[in-house]
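The structure under discussion appears below in the form of structure tokens.
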Amino acid sequence: MVSRKVSRRRFVAGTAAASTAFVAAPFVRGAYAAGKLSLGLWDHWVPNANGATEALIKEWADKEKVEVTIDFITSQGNKLLLTTAAEAQAKSGHDILAMSTFLPARYSEQLVPVNELVEQLIKDNGKVNGTVEYLGKLDGKWLGVPATVGSQIKGPCSRIDLMKELAGLDIQAMYPAGEPPKADNWTLDTFLKAAEACHKGGKPFGIGLGTTSDSVDTIGAIFHSFGAVLVDAKGEIVLKNDQVRQALDYYKKLMAFLPPDVPSWDDSSNNKWLISGNGALIMNPPSAWAVAKRDAPKVAEQCWTHGFPAGPKGRFGPFLPFFWTTWNFSKNQSAAKSLLAYLSTASAAEKMVVASGGYDLPSFEKLTTFKVWQEEGPPKGTLYHYPNPHNHQILSIAAAPAPHKIAEQIYTQGIQTQMAVRYFKGETMEKTLDWASGEIEGFMRN
Amino acid sequence: MADVAARGAVRGAGALTSDGRSSLHKLMQRKSTIAFLMALPLITLIAVLVAYPAGYAVYLAMLNKGMNRFVGLGNFGFLFGRDTFWMVVYQSCLFAITAVIFKAIIGFVVAHFVHNIPSKGQRKWRGMLLVPWVIPPAMSTLAWLWLFDPSYSAFNWILEHIGMDRVAWLGETGWARFSVILVNVWIGSPFFMIMYLAALKSVPEQLYEAASIDGATWWQRIWYVTLPMMRNIIAITALFSLIVTFANFDIVRVLTKGDPLNTTHVFATWAFRVGIESGDIPLGAAVSLFMVPILAVAATFILRDITKRGSEV
């Protein structure tokens, strides 16, 4: 056994040094005098896209003398979701945490309201769309700052060549780069005819009908286009209406032209469908195109991202915003707000968008015309219409305007896609509606 | 006996020391105390990682959705009225029972094949046949996902090349259920194989010789010698596998996420969907706890049978 003896002389010297340091400490301005801040941010799909956020945070931290730690947490395998749930349970964790879509509302009682900050950002950067307000603002309180990183529109990404050849549609002429859309004829009827033509031509549209986000977002937008609401803003189940019936009838026709296994598609299936060259259209942000640029450049050269087809009640596109939120147990809330203000400036947002190759979308109106969307390619201009620069479509989310706690469950359990699949598989309309009604009743409990 | 002797020796020594020290010394000399102390790290581990989470899950399952009110068994009562819940019960039973039966049959057959391979080459075969079981299931299931993938399915590629139609492996309820069970059988059969192989090796050769002398056929040898000698191993392996298969999460989560139409959800995946993804943690906890009574009934029957046979022996 080894033991170490401390001599009297050594003990006295050590005590004196420690005492001096202790007394002097409050008078020394350290490198991180303004405290510590920890961030849990969404880990970007796009390689090196985290770098821009990291650089901006470092810039702010150096200026404000705050010691910052950043964890980029992947959403693969629901890791970010699990981290959020664990932190909410433990009442301990990151000071700033990225939350997507319905999560700020889920944890509203544990989040610090950021009204002043968001209202100032709206003054500076322009208003946010209705979906951002629906998801991020509850009872007059902004629950988080709409984040640039990770926010996305899941619009159609079409194959220019296949749409022209099989469906007779010139997508580039309908959505010309640098100009407003000329797509009045781009309606759900045209869409259905194009789906049929591409199916006949052996290149069906790849639209999922599983219960994951991509499938739910698409059907959500199409339901909105018909004005088909399952639960109204007061929380009443109103799904037995003509609009829902019309939407289901439409989906029944559409499904006949989709690949047979779409009821099991997840969020990667449509990407693979496009990149493999099997399909003429998918509904996705430009990540599939970005992967195609690397893995299937010939496919990527023919991709064009554009707006949704219009239905009887308007043209709706799915928008999924992320929010940067601050827990009410965060120990450095003032620093968190200061950093979020810094990350939300126009110049910071542009840096993030550029780093993501145009994938990320700021939620503010004045920030949808960055050069990157005009210049990204090939083909050049393929992302011009991605951020909805001409407000050609109303940005929406599935299950709105239901109260959040009901809407979230309609969304995560894919009630709309399940309705479409049930009806397509031969269940009667009334039975499908009864089933959905029963499921949603179960979501109402408190 | 040794414990008693040790205690006697300690008693003699204890008389020479003070009372407190003597009783502590006595306690430490007991075999049961030493055994308890040696098991203490494991007991602590089980308490922290199993007992506490299980107790916490029971507590959570008795809260309302907002987790601010005690509702007793309300969540369980609520689940009884849900169609989707009963579908999950049906699917979990179908998944677990079918998979265990096939794993047992395949394991039994393969164990016999391996048993009959000359001992020189047997080790290689045993090693190769264990591969599906030793690969982390999430990884191997990803490989299966690629085989079933709508765009790149190797199976469909083969089917197309022999002039058959593509199959929606994960898109049709029947095929999707078949696929998740198939992957579970593929992963789990080697476990049965290795357990049965160990059991086969312990069957005395003289019994087979006696059976042969009596003119027993191949089938009679299996039915009257092998199976009775393996009954306990078969029962314990089946019980263990049933528990693990019922609680399976990764295969369904990776392959289908419960789709199409929730028809491939098992308890664990649906609990995750309801509790974590949909934000209803108490209901998710209640779903996951439903495995307990089902497995408890199965365990009681199987273990009672084993105990009965043990006492007969």
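Here, A, B, ... name the chains of the structure tokens in the order displayed, residue numbers run from 1 inside each chain, and ligands are numbered from 1 in the same displayed order.
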
inquiry  = With 8 Å as the limit and counting only C-alpha atoms, what residues in chain B lie close to chain A? Please list them as a PyMOL selection string.
reply    = chain B and resi 64-66+82+149-152+168-172+256+259-261+273+276-279

Saved selection, atoms kept: C-alpha atoms, as a PDB file, in the first residue's frame:
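Here's the written file result.pdb:
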ATOM      1  CA  ASN B  64     -53.233  11.181 -15.908  1.00  0.00           C
ATOM      2  CA  LYS B  65     -51.955  12.381 -19.278  1.00  0.00           C
ATOM      3  CA  GLY B  66     -50.725  15.681 -17.833  1.00  0.00           C
ATOM      4  CA  ARG B  82     -59.481   0.860 -27.508  1.00  0.00           C
ATOM      5  CA  ASP B 149     -36.933  -2.171 -49.506  1.00  0.00           C
ATOM      6  CA  PRO B 150     -39.447  -0.966 -52.120  1.00  0.00           C
ATOM      7  CA  SER B 151     -36.763   0.558 -54.347  1.00  0.00           C
ATOM      8  CA  TYR B 152     -33.824  -1.764 -53.870  1.00  0.00           C
ATOM      9  CA  ALA B 168     -45.042  -5.521 -51.107  1.00  0.00           C
ATOM     10  CA  TRP B 169     -43.095  -7.138 -48.272  1.00  0.00           C
ATOM     11  CA  LEU B 170     -43.790  -4.442 -45.741  1.00  0.00           C
ATOM     12  CA  GLY B 171     -46.794  -2.778 -47.368  1.00  0.00           C
ATOM     13  CA  GLU B 172     -49.434  -5.498 -46.980  1.00  0.00           C
ATOM     14  CA  THR B 256     -42.214  -1.382 -40.222  1.00  0.00           C
ATOM     15  CA  ASP B 259     -47.235  -0.043 -40.246  1.00  0.00           C
ATOM     16  CA  PRO B 260     -49.268  -0.763 -42.277  1.00  0.00           C
ATOM     17  CA  LEU B 261     -52.292   0.430 -40.296  1.00  0.00           C
ATOM     18  CA  ARG B 273     -45.531   5.427 -30.231  1.00  0.00           C
ATOM     19  CA  ILE B 276     -42.742   9.056 -26.410  1.00  0.00           C
ATOM     20  CA  GLU B 277     -43.850  10.042 -29.911  1.00  0.00           C
ATOM     21  CA  SER B 278     -47.357  11.150 -28.958  1.00  0.00           C
ATOM     22  CA  GLY B 279     -46.423  12.580 -25.558  1.00  0.00           C
TER      23      GLY B 279
END

request  = Would you mind listing what lies within 12 Å of Ile194 of chain B as a ChimeraX atom specification, with only C-alpha atoms counted and same-chain residues fewer than 6 positions away left out?
outcome  = /B:103-104,106-115,123,125-131,133,188,200-201,233-234,237

Gap from atom CA of Ala216 of chain B to atom CA of Lys308 of chain B - Å, one decimal =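 Computed distance, atom CA of Ala216 of chain B to atom CA of Lys308 of chain B, equals 27.9 Å.
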
Please return, as a PDB file with C-alpha atoms, in the first residue's frame, all residues of segment 232-323 of chain A that DSSP assigns to strand (DSSP E or B) on the basis of the backbone.
ATOM      1  CA  ILE A 237     -64.529  16.202 -33.652  1.00  0.00           C
ATOM      2  CA  LEU A 281     -42.093  12.997 -58.112  1.00  0.00           C
ATOM      3  CA  ILE A 282     -41.722  12.906 -54.359  1.00  0.00           C
ATOM      4  CA  MET A 283     -42.712  15.296 -51.558  1.00  0.00           C
ATOM      5  CA  CYS A 303     -34.867  17.580 -60.207  1.00  0.00           C
ATOM      6  CA  TRP A 304     -36.955  20.689 -59.645  1.00  0.00           C
ATOM      7  CA  THR A 305     -38.440  21.703 -56.302  1.00  0.00           C
ATOM      8  CA  ALA A 310     -54.073  23.628 -55.478  1.00  0.00           C
ATOM      9  CA  GLY A 311     -57.320  22.112 -54.232  1.00  0.00           C
ATOM     10  CA  GLY A 314     -56.542  26.739 -51.905  1.00  0.00           C
ATOM     11  CA  PHE A 316     -51.350  24.429 -49.177  1.00  0.00           C
ATOM     12  CA  GLY A 317     -47.793  23.253 -48.623  1.00  0.00           C
ATOM     13  CA  PRO A 318     -46.513  21.507 -45.489  1.00  0.00           C
ATOM     14  CA  PHE A 319     -44.132  23.537 -43.344  1.00  0.00           C
ATOM     15  CA  LEU A 320     -42.242  22.000 -40.423  1.00  0.00           C
ATOM     16  CA  PRO A 321     -40.562  24.556 -38.260  1.00  0.00           C
ATOM     17  CA  PHE A 322     -38.005  23.929 -35.558  1.00  0.00           C
ATOM     18  CA  PHE A 323     -37.925  26.184 -32.484  1.00  0.00           C
TER      19      PHE A 323
END

inquiry  = What's around Tyr250 of chain A at 9 Å? Count only C-alpha atoms, leave out sequence neighbours fewer than 5 positions away in its own chain, and write the answer as a PyMOL selection string.
reply    = chain A and resi 188+192+245+255

query = Looking at A:Asn332, A:Gln243, A:Asn129, A:Ser158, which one is nearest to Leu383 of chain A, with distances taken over only C-alpha atoms?
reply =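 Residue with the minimum atom-to-atom distance to Leu383 of chain A: A:Ser158.
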
request  = Check segment 66-307 of chain B with DSSP on the backbone and list each residue it calls alpha helix (DSSP H), as a ChimeraX atom specification.
outcome  = /B:74-80,83-116,119-134,137-148,154-161,173-201,205-213,218-221,227-246,250-255,267-272,281-289,291-307

Long-range neighbours of Phe246 of chain B as JSON, numbers by chain, 9 Å cut-off, only C-alpha atoms, 3 positions minimum in chain = {"B": [92, 93, 95, 96, 97, 241, 242, 243, 249, 266, 267, 268, 291, 295]}

request  = Fewer than 6 positions away in the same chain doesn't count, so skip those; otherwise give me all residues within 10 Å of Trp144 of chain B, counting only C-alpha atoms, as a PyMOL selection string.
outcome  = chain B and resi 138+153-154+179-180+182-183+251+254-255

Need the shell around Val354 of chain A: protein/DNA/RNA residues with any atom at most 10 Å away, counting only C-alpha atoms. Skip same-chain ones fewer than 2 positions apart. Format as a compact mmCIF listing (two decimals) with N, CA and C atoms, in the first residue's frame?
# COMPACT_ATOMS: atom_id res chain seq x y z
N ALA A 49 -23.01 21.31 -42.27
CA ALA A 49 -23.98 22.39 -42.02
C ALA A 49 -23.93 22.84 -40.55
N ALA A 52 -21.58 26.12 -39.55
CA ALA A 52 -21.97 27.54 -39.58
C ALA A 52 -22.59 27.94 -38.25
N ALA A 349 -28.87 33.98 -40.19
CA ALA A 349 -29.76 33.04 -40.89
C ALA A 349 -29.21 32.70 -42.27
N GLU A 350 -28.70 33.71 -42.97
CA GLU A 350 -28.19 33.46 -44.32
C GLU A 350 -26.99 32.51 -44.28
N LYS A 351 -26.12 32.71 -43.28
CA LYS A 351 -24.96 31.81 -43.16
C LYS A 351 -25.40 30.36 -42.96
N MET A 352 -26.42 30.19 -42.14
CA MET A 352 -26.92 28.82 -41.89
C MET A 352 -27.53 28.22 -43.15
N SER A 356 -26.22 24.92 -45.32
CA SER A 356 -27.06 23.73 -45.52
C SER A 356 -27.40 23.51 -46.99
N GLY A 357 -26.78 24.29 -47.85
CA GLY A 357 -27.06 24.15 -49.28
C GLY A 357 -28.49 24.52 -49.62
N GLY A 358 -29.09 25.40 -48.82
CA GLY A 358 -30.46 25.85 -49.12
C GLY A 358 -31.53 25.04 -48.42
N TYR A 359 -31.15 24.03 -47.65
CA TYR A 359 -32.15 23.15 -47.00
C TYR A 359 -32.92 23.90 -45.91
N ASP A 360 -32.18 24.63 -45.07
CA ASP A 360 -32.82 25.31 -43.93
C ASP A 360 -33.65 26.51 -44.39
N PHE A 370 -32.82 34.66 -50.11
CA PHE A 370 -31.36 34.63 -50.15
C PHE A 370 -30.88 34.12 -51.52
N LYS A 371 -29.67 34.57 -51.85
CA LYS A 371 -29.11 34.21 -53.17
C LYS A 371 -28.92 32.71 -53.35
N VAL A 372 -28.64 32.04 -52.23
CA VAL A 372 -28.32 30.61 -52.33
C VAL A 372 -29.42 29.83 -53.05
N TRP A 373 -30.68 30.21 -52.82
CA TRP A 373 -31.78 29.48 -53.45
C TRP A 373 -31.85 29.77 -54.95
N GLU A 376 -28.26 27.72 -56.29
CA GLU A 376 -27.97 26.28 -56.11
C GLU A 376 -28.35 25.49 -57.36

query = How many Å separate atom CA of His44 of chain A from atom CA of Val291 of chain A?
reply =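 Value for the atom CA of His44 of chain A-atom CA of Val291 of chain A distance: 13.5 Å.
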
8 Å contact set for Phe329 of chain A, only C-alpha atoms, chain neighbours under 4 positions out, as a compact mmCIF listing (two decimals) with N, CA and C atoms, in the first residue's frame:
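Written file, out38.txt:
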# COMPACT_ATOMS: atom_id res chain seq x y z
N LYS A 91 -36.08 17.57 -15.26
CA LYS A 91 -36.00 19.03 -15.00
C LYS A 91 -34.55 19.48 -14.92
N SER A 92 -33.79 19.00 -15.83
CA SER A 92 -32.37 19.34 -15.89
C SER A 92 -31.89 19.04 -17.31
N ASP A 95 -29.58 24.42 -21.67
CA ASP A 95 -30.26 25.70 -21.49
C ASP A 95 -31.13 26.00 -22.71
N GLN A 110 -43.15 24.12 -19.22
CA GLN A 110 -41.76 24.09 -18.73
C GLN A 110 -40.84 25.01 -19.53

message = Just to confirm, what's the straight-line distance from atom CA of Leu166 of chain A to atom CA of Gly307 of chain A in Å (one decimal)?
response =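 Distance reported for this atom pair: 19.5 Å.
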